[in-house]
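For reference, protein01.txt (compact mmCIF, C-alpha atoms and all ligand atoms):
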# COMPACT_ATOMS: atom_id res chain seq x y z
CA MET Y 1 2.96 26.73 29.23
CA ALA Y 2 2.97 22.98 28.68
CA GLU Y 3 6.19 21.25 27.68
CA LEU Y 4 6.91 18.66 24.98
CA ALA Y 5 8.79 15.46 25.78
CA VAL Y 6 9.84 13.74 22.55
CA ASN Y 7 9.98 9.94 22.52
CA VAL Y 8 12.63 8.63 20.08
CA ASP Y 9 11.93 4.89 20.51
CA HIS Y 10 10.83 4.45 16.92
CA VAL Y 11 14.09 5.75 15.51
CA ALA Y 12 15.60 2.74 17.28
CA THR Y 13 12.77 0.55 15.94
CA LEU Y 14 13.93 1.36 12.42
CA ARG Y 15 17.56 0.63 13.31
CA GLU Y 16 16.70 -2.69 14.93
CA ALA Y 17 14.41 -3.72 12.04
CA ARG Y 18 17.50 -3.73 9.84
CA GLY Y 19 19.99 -4.85 12.49
CA ALA Y 20 22.02 -1.83 11.39
CA ARG Y 21 23.97 0.93 13.13
CA TYR Y 22 21.61 3.67 11.97
CA PRO Y 23 19.33 5.60 12.27
CA GLU Y 24 20.88 6.68 15.57
CA PRO Y 25 18.29 7.55 18.27
CA VAL Y 26 20.90 9.66 20.07
CA ALA Y 27 21.29 11.85 16.97
CA ALA Y 28 17.48 12.09 16.73
CA ALA Y 29 17.35 13.20 20.37
CA LEU Y 30 19.91 15.94 19.76
CA ALA Y 31 17.99 17.12 16.69
CA ALA Y 32 14.78 17.14 18.75
CA GLU Y 33 16.45 19.26 21.40
CA THR Y 34 17.76 21.67 18.77
CA ALA Y 35 14.20 21.98 17.46
CA GLY Y 36 12.91 22.87 20.94
CA ALA Y 37 12.01 19.61 22.70
CA ASP Y 38 11.83 20.16 26.46
CA ALA Y 39 12.78 16.57 27.29
CA ILE Y 40 13.76 13.30 25.62
CA VAL Y 41 11.94 10.06 26.41
CA VAL Y 42 12.97 6.46 25.79
CA HIS Y 43 11.36 3.21 26.85
CA LEU Y 44 13.87 0.49 27.68
CA ARG Y 45 11.80 -2.66 27.27
CA GLU Y 46 12.61 -6.00 28.78
CA ASP Y 47 12.87 -7.55 25.28
CA ARG Y 48 15.05 -4.65 24.00
CA ARG Y 49 12.99 -4.48 20.84
CA HIS Y 50 14.01 -0.87 20.11
CA ILE Y 51 16.00 1.13 22.66
CA GLN Y 52 19.14 -0.60 23.96
CA GLU Y 53 20.91 -0.03 27.25
CA ARG Y 54 23.76 1.60 25.31
CA ASP Y 55 21.31 4.22 23.96
CA VAL Y 56 20.14 5.14 27.45
CA ARG Y 57 23.72 5.49 28.71
CA LEU Y 58 24.75 7.65 25.73
CA LEU Y 59 21.62 9.78 26.06
CA ARG Y 60 22.42 10.39 29.72
CA GLN Y 61 25.75 11.82 28.62
CA VAL Y 62 24.49 14.07 25.83
CA VAL Y 63 20.91 15.14 26.59
CA LYS Y 64 20.97 18.74 27.76
CA THR Y 65 17.29 19.09 28.59
CA ARG Y 66 15.82 16.26 30.70
CA LEU Y 67 16.06 12.53 30.18
CA ILE Y 68 12.92 10.54 30.96
CA LEU Y 69 13.27 6.76 31.15
CA GLU Y 70 10.09 4.73 30.75
CA MET Y 71 10.41 1.28 32.27
CA ALA Y 72 8.64 -1.52 34.07
CA ALA Y 73 9.25 -1.72 37.83
CA THR Y 74 11.41 -4.86 37.61
CA SER Y 75 14.59 -5.36 39.61
CA GLU Y 76 16.66 -5.36 36.40
CA MET Y 77 15.26 -1.98 35.30
CA LEU Y 78 15.55 -0.47 38.77
CA GLY Y 79 19.22 -1.46 38.78
CA ILE Y 80 19.79 0.25 35.41
CA ALA Y 81 17.90 3.39 36.50
CA LEU Y 82 19.89 3.69 39.73
CA ASP Y 83 23.09 3.40 37.74
CA VAL Y 84 22.19 5.71 34.82
CA LYS Y 85 20.21 8.23 36.90
CA PRO Y 86 17.75 9.70 34.40
CA ASP Y 87 16.04 12.89 35.57
CA THR Y 88 12.71 11.09 35.69
CA VAL Y 89 11.55 7.50 35.57
CA THR Y 90 8.05 6.90 34.25
CA LEU Y 91 6.82 3.55 35.53
CA VAL Y 92 4.76 1.69 32.94
CA PRO Y 93 3.23 -1.79 32.77
CA GLU Y 94 4.83 -4.08 30.22
CA LYS Y 95 3.68 -7.18 28.42
CA ARG Y 96 6.05 -8.93 26.04
CA GLU Y 97 3.43 -9.56 23.39
CA GLU Y 98 2.00 -6.02 23.20
CA LEU Y 99 2.75 -3.75 20.22
CA THR Y 100 2.95 -0.71 22.48
CA THR Y 101 2.06 0.09 26.09
CA GLU Y 102 -1.60 -0.86 26.22
CA GLY Y 103 -2.85 0.68 29.43
CA GLY Y 104 -1.86 2.46 32.60
CA LEU Y 105 -0.31 0.76 35.60
CA ASP Y 106 -2.87 -0.87 37.88
CA LEU Y 107 -1.80 0.69 41.16
CA ILE Y 108 -4.67 -0.85 43.08
CA THR Y 109 -3.40 -4.35 42.35
CA HIS Y 110 0.33 -3.58 42.51
CA GLN Y 111 0.36 -0.90 45.20
CA ALA Y 112 2.95 -2.45 47.54
CA HIS Y 113 5.42 -3.27 44.76
CA ILE Y 114 5.14 0.12 43.06
CA ARG Y 115 5.36 1.97 46.37
CA GLU Y 116 8.70 0.27 46.99
CA ALA Y 117 9.97 1.15 43.50
CA VAL Y 118 8.89 4.79 43.94
CA SER Y 119 10.73 5.01 47.22
CA THR Y 120 13.92 3.37 45.85
CA LEU Y 121 14.04 5.77 42.89
CA LYS Y 122 13.20 8.88 44.91
CA ASN Y 123 15.89 8.04 47.46
CA ALA Y 124 18.37 8.09 44.58
CA GLY Y 125 17.23 11.58 43.57
CA ILE Y 126 15.18 10.44 40.56
CA GLN Y 127 11.73 11.95 40.03
CA VAL Y 128 9.01 9.35 39.62
CA CYS Y 129 6.04 9.60 37.31
CA ILE Y 130 3.41 6.87 37.00
CA PHE Y 131 1.65 6.13 33.71
CA ILE Y 132 -1.95 5.70 34.68
CA ASP Y 133 -5.41 5.49 33.16
CA PRO Y 134 -7.68 8.50 33.77
CA ASP Y 135 -9.27 6.78 36.76
CA LEU Y 136 -9.77 8.71 39.99
CA ASP Y 137 -9.15 5.72 42.29
CA GLN Y 138 -5.82 4.99 40.58
CA ILE Y 139 -4.77 8.64 40.88
CA LYS Y 140 -5.54 8.65 44.61
CA VAL Y 141 -3.20 5.66 45.01
CA ALA Y 142 -0.47 7.44 43.01
CA HIS Y 143 -0.71 10.26 45.53
CA LYS Y 144 -0.76 7.87 48.47
CA ILE Y 145 2.42 6.10 47.38
CA ASP Y 146 4.19 9.45 47.00
CA ALA Y 147 4.71 9.68 43.23
CA ASP Y 148 5.92 13.08 42.01
CA ALA Y 149 3.83 13.01 38.86
CA ILE Y 150 1.30 11.06 36.86
CA GLU Y 151 1.16 10.66 33.10
CA ILE Y 152 -2.46 10.25 32.06
CA HIS Y 153 -2.89 7.57 29.41
CA THR Y 154 -4.56 9.33 26.49
CA GLY Y 155 -4.71 6.27 24.21
CA ALA Y 156 -8.42 5.54 24.65
CA PHE Y 157 -9.25 9.16 23.79
CA CYS Y 158 -6.92 9.29 20.78
CA ASP Y 159 -8.18 5.95 19.43
CA ALA Y 160 -11.90 6.62 20.03
CA GLU Y 161 -13.97 5.71 17.01
CA THR Y 162 -17.13 7.67 17.72
CA GLU Y 163 -17.68 11.27 18.80
CA PHE Y 164 -19.58 10.03 21.87
CA GLU Y 165 -16.67 7.83 22.92
CA ARG Y 166 -14.19 10.62 22.19
CA GLN Y 167 -16.04 13.12 24.36
CA ASN Y 168 -16.52 10.58 27.11
CA GLU Y 169 -12.82 9.71 27.15
CA PHE Y 170 -11.82 13.35 27.07
CA SER Y 171 -13.98 14.21 30.06
CA ARG Y 172 -12.23 11.38 31.96
CA ILE Y 173 -8.89 13.02 31.11
CA VAL Y 174 -10.14 16.44 32.28
CA ASP Y 175 -11.40 15.00 35.59
CA ALA Y 176 -8.14 13.09 36.08
CA ALA Y 177 -6.03 16.19 35.38
CA LYS Y 178 -8.04 18.23 37.87
CA ILE Y 179 -7.92 15.66 40.67
CA GLY Y 180 -4.20 15.08 40.08
CA THR Y 181 -3.50 18.81 40.37
CA LYS Y 182 -5.65 19.03 43.48
CA LEU Y 183 -3.56 16.26 45.03
CA LYS Y 184 -0.41 18.27 44.16
CA LEU Y 185 0.82 15.74 41.62
CA ARG Y 186 2.41 17.06 38.44
CA VAL Y 187 0.16 15.98 35.60
CA ASN Y 188 1.50 14.88 32.21
CA ALA Y 189 -0.28 13.19 29.32
CA GLY Y 190 0.70 10.82 26.59
CA HIS Y 191 0.04 7.97 24.20
CA GLY Y 192 -1.40 8.22 20.73
CA ILE Y 193 -1.34 12.01 20.58
CA CYS Y 194 -1.04 13.27 17.00
CA TYR Y 195 -1.14 16.56 15.10
CA ASN Y 196 -4.97 16.54 15.20
CA SER Y 197 -5.72 15.23 18.69
CA ILE Y 198 -3.32 17.66 20.42
CA ASN Y 199 -5.75 20.49 19.63
CA ALA Y 200 -8.38 19.05 21.98
CA PHE Y 201 -6.14 19.89 24.95
CA LYS Y 202 -6.32 23.65 24.39
CA GLY Y 203 -7.08 25.35 27.69
CA LEU Y 204 -6.45 22.27 29.85
CA SER Y 205 -3.75 24.07 31.81
CA GLU Y 206 -3.42 21.32 34.43
CA ILE Y 207 -1.35 19.28 31.98
CA GLY Y 208 2.29 20.29 32.27
CA GLU Y 209 3.89 17.99 29.72
CA TYR Y 210 2.93 15.97 26.65
CA SER Y 211 4.92 12.83 25.86
CA ILE Y 212 4.75 12.19 22.13
CA GLY Y 213 6.63 9.74 19.91
CA HIS Y 214 4.94 7.89 17.08
CA SER Y 215 3.31 10.87 15.35
CA ILE Y 216 6.50 12.96 15.52
CA VAL Y 217 8.79 10.21 14.20
CA SER Y 218 6.21 9.44 11.47
CA LYS Y 219 6.10 13.09 10.39
CA ALA Y 220 9.89 13.27 10.45
CA VAL Y 221 10.08 10.35 8.01
CA LEU Y 222 7.69 12.01 5.56
CA THR Y 223 8.97 15.57 5.80
CA GLY Y 224 12.50 14.27 5.33
CA MET Y 225 11.69 12.15 2.27
CA ASP Y 226 12.12 14.95 -0.26
CA THR Y 227 15.68 15.81 0.83
CA ALA Y 228 16.61 12.17 1.27
CA VAL Y 229 15.61 11.24 -2.29
CA ARG Y 230 17.13 14.38 -3.85
CA ASP Y 231 20.46 13.73 -2.08
CA MET Y 232 20.65 10.13 -3.36
CA GLN Y 233 19.50 11.12 -6.85
CA GLN Y 234 22.26 13.73 -6.99
CA LEU Y 235 24.88 11.10 -6.09
CA ILE Y 236 23.54 8.70 -8.72
CA LYS Y 237 23.49 11.43 -11.40
CA ALA Y 238 27.12 12.18 -10.57
CA LEU Y 239 28.23 8.56 -11.11
N1 LIG M 301 3.82 7.66 27.17
C1 LIG M 301 4.04 6.35 27.43
C2 LIG M 301 4.01 5.91 28.85
C3 LIG M 301 4.30 5.45 26.40
O1 LIG M 301 4.53 4.15 26.68
C4 LIG M 301 4.36 5.92 25.08
C5 LIG M 301 4.69 4.98 23.96
O2 LIG M 301 6.01 4.57 24.06
C6 LIG M 301 4.15 7.30 24.85
C7 LIG M 301 3.85 8.14 25.91
C8 LIG M 301 4.21 7.89 23.49
O3 LIG M 301 3.15 7.41 22.74
P1 LIG M 301 3.11 7.65 21.16
O4 LIG M 301 4.32 6.97 20.60
O5 LIG M 301 1.82 7.04 20.75
O6 LIG M 301 3.16 9.14 20.97
Here is a file; write its structure as structure tokens.
Ligand code: PXP
Amino acid sequence: MAELAVNVDHVATLREARGARYPEPVAAALAAETAGADAIVVHLREDRRHIQERDVRLLRQVVKTRLILEMAATSEMLGIALDVKPDTVTLVPEKREELTTEGGLDLITHQAHIREAVSTLKNAGIQVCIFIDPDLDQIKVAHKIDADAIEIHTGAFCDAETEFERQNEFSRIVDAAKIGTKLKLRVNAGHGICYNSINAFKGLSEIGEYSIGHSIVSKAVLTGMDTAVRDMQQLIKAL
């Protein structure tokens, strides 16, 4: 059965938007685990726009499932990963100006650099996953440089605007999942998956883990609104 890795970055986005001490992404991670999450994911970005180093260190202490750290393969991030020792590092590309991770890592261009990062992390006992577009040549390189796992970028599928595009993108994901499994890589998937698009993956047993953030945090905000307003209204009525 496939597992669910819950990304809590956007709880930190809300905290940082206000420059406040809450909402606390560590508390969100614990709530996600209580609700059945199989792993917790955070992306420590170079610009620290949401998750902070302090969050990653606290999560390492309290997460009881698995901690997955998404990061760019920079020397600063490698230093933090070697110190914090998450269970898994997912290597992602990173551009300062992007709203979210926009594509998979280009392993063909950056093969030597990423190979070195994979080896450094694996030597420290950290599993390495590479976030990659559903492209067979890229997946072959992931295998060649000894990654443990790939996370197939599902963004193009989830954002497809026509049925033709959607089907085309999904068949790329299916082919990528099959070739990854054949090469003995663990195959995960993520980016843009929501409560509708997840249903398309029924029966695609090659995918072992789904990494999902935005749709879950968005639903949490809306499903929690009723209680949040009632609780404040009760306090105001009691004034
Ligand atoms: N996987 C990777 C590599 C990501 O960068 C992200 C976004 O942080 C996700 C999965 C989760 O994507 P979403 O927030 O759209 O569910």
Which chains and residue numbers are within 9 Å of ligand LIG 301 (chain M), counting only C-alpha atoms and all ligand atoms, if I want them as a PyMOL selection string?
-> chain Y and resi 5-10+41-43+70-71+90-94+100-104+130-132+151-155+189-194+210-217
Output file for the residues above (C-alpha atoms, as a short mmCIF file (atom, residue, chain, number, x, y, z; two decimals), in the coordinates of the input):
data_model
loop_
_atom_site.label_atom_id
_atom_site.label_comp_id
_atom_site.auth_asym_id
_atom_site.auth_seq_id
_atom_site.Cartn_x
_atom_site.Cartn_y
_atom_site.Cartn_z
CA ALA Y 5 8.79 15.46 25.78
CA VAL Y 6 9.84 13.74 22.55
CA ASN Y 7 9.98 9.94 22.52
CA VAL Y 8 12.63 8.63 20.08
CA ASP Y 9 11.93 4.89 20.51
CA HIS Y 10 10.83 4.45 16.92
CA VAL Y 41 11.94 10.06 26.41
CA VAL Y 42 12.97 6.46 25.79
CA HIS Y 43 11.36 3.21 26.85
CA GLU Y 70 10.09 4.73 30.75
CA MET Y 71 10.41 1.28 32.27
CA THR Y 90 8.05 6.90 34.25
CA LEU Y 91 6.82 3.55 35.53
CA VAL Y 92 4.76 1.69 32.94
CA PRO Y 93 3.23 -1.79 32.77
CA GLU Y 94 4.83 -4.08 30.22
CA THR Y 100 2.95 -0.71 22.48
CA THR Y 101 2.06 0.09 26.09
CA GLU Y 102 -1.60 -0.86 26.22
CA GLY Y 103 -2.85 0.68 29.43
CA GLY Y 104 -1.86 2.46 32.60
CA ILE Y 130 3.41 6.87 37.00
CA PHE Y 131 1.65 6.13 33.71
CA ILE Y 132 -1.95 5.70 34.68
CA GLU Y 151 1.16 10.66 33.10
CA ILE Y 152 -2.46 10.25 32.06
CA HIS Y 153 -2.89 7.57 29.41
CA THR Y 154 -4.56 9.33 26.49
CA GLY Y 155 -4.71 6.27 24.21
CA ALA Y 189 -0.28 13.19 29.32
CA GLY Y 190 0.70 10.82 26.59
CA HIS Y 191 0.04 7.97 24.20
CA GLY Y 192 -1.40 8.22 20.73
CA ILE Y 193 -1.34 12.01 20.58
CA CYS Y 194 -1.04 13.27 17.00
CA TYR Y 210 2.93 15.97 26.65
CA SER Y 211 4.92 12.83 25.86
CA ILE Y 212 4.75 12.19 22.13
CA GLY Y 213 6.63 9.74 19.91
CA HIS Y 214 4.94 7.89 17.08
CA SER Y 215 3.31 10.87 15.35
CA ILE Y 216 6.50 12.96 15.52
CA VAL Y 217 8.79 10.21 14.20
#
What is the distance between atom CA of Ala117 of chain Y and atom CA of Glu46 of chain Y, in Å to one decimal?
-> 16.6 Å
Nearest to Leu67 of chain Y: which of Y:Gln127, Y:Gln234, Y:Thr223, Y:Asn188 is it, counting only C-alpha atoms?
-> Y:Gln127
Please list as a CSV table (one decimal) with C-alpha atoms, in the frame of the given file every residue within 9 Å of Ala29 of chain Y, counting only C-alpha atoms and excluding residues in the same chain fewer than 3 positions away.
chain,number,residue,atom,x,y,z
Y,6,VAL,CA,9.8,13.7,22.6
Y,7,ASN,CA,10.0,9.9,22.5
Y,8,VAL,CA,12.6,8.6,20.1
Y,24,GLU,CA,20.9,6.7,15.6
Y,25,PRO,CA,18.3,7.6,18.3
Y,26,VAL,CA,20.9,9.7,20.1
Y,32,ALA,CA,14.8,17.1,18.8
Y,33,GLU,CA,16.4,19.3,21.4
Y,34,THR,CA,17.8,21.7,18.8
Y,37,ALA,CA,12.0,19.6,22.7
Y,39,ALA,CA,12.8,16.6,27.3
Y,40,ILE,CA,13.8,13.3,25.6
Y,41,VAL,CA,11.9,10.1,26.4
Y,59,LEU,CA,21.6,9.8,26.1
Y,63,VAL,CA,20.9,15.1,26.6
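Considering the residues Y:Leu99, Y:Ile126, Y:Leu107, Y:Met1 and counting all atoms listed in the file, Val84 of chain Y has its shortest atom-to-atom contact with Y:Ile126.
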Identify which of the residues Y:Leu44, Y:Leu204, Y:Leu105, Y:Val229 lies closest to Val56 of chain Y, counting all atoms listed in the file when measuring atom-to-atom distances.
-> Y:Leu44
Distance criterion (only C-alpha atoms): nearest to Val141 of chain Y out of Y:Lys64, Y:His110, Y:Arg21, Y:Arg49 | Y:His110
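Proximity ranking of Y:Leu239, Y:Leu58, Y:Leu136, Y:Val118 relative to Thr74 of chain Y places Y:Val118 first, based on all atoms listed in the file.
Pairwise distance (atom CA of Ile145 of chain Y, atom CA of Val174 of chain Y) equals 22.2 Å.
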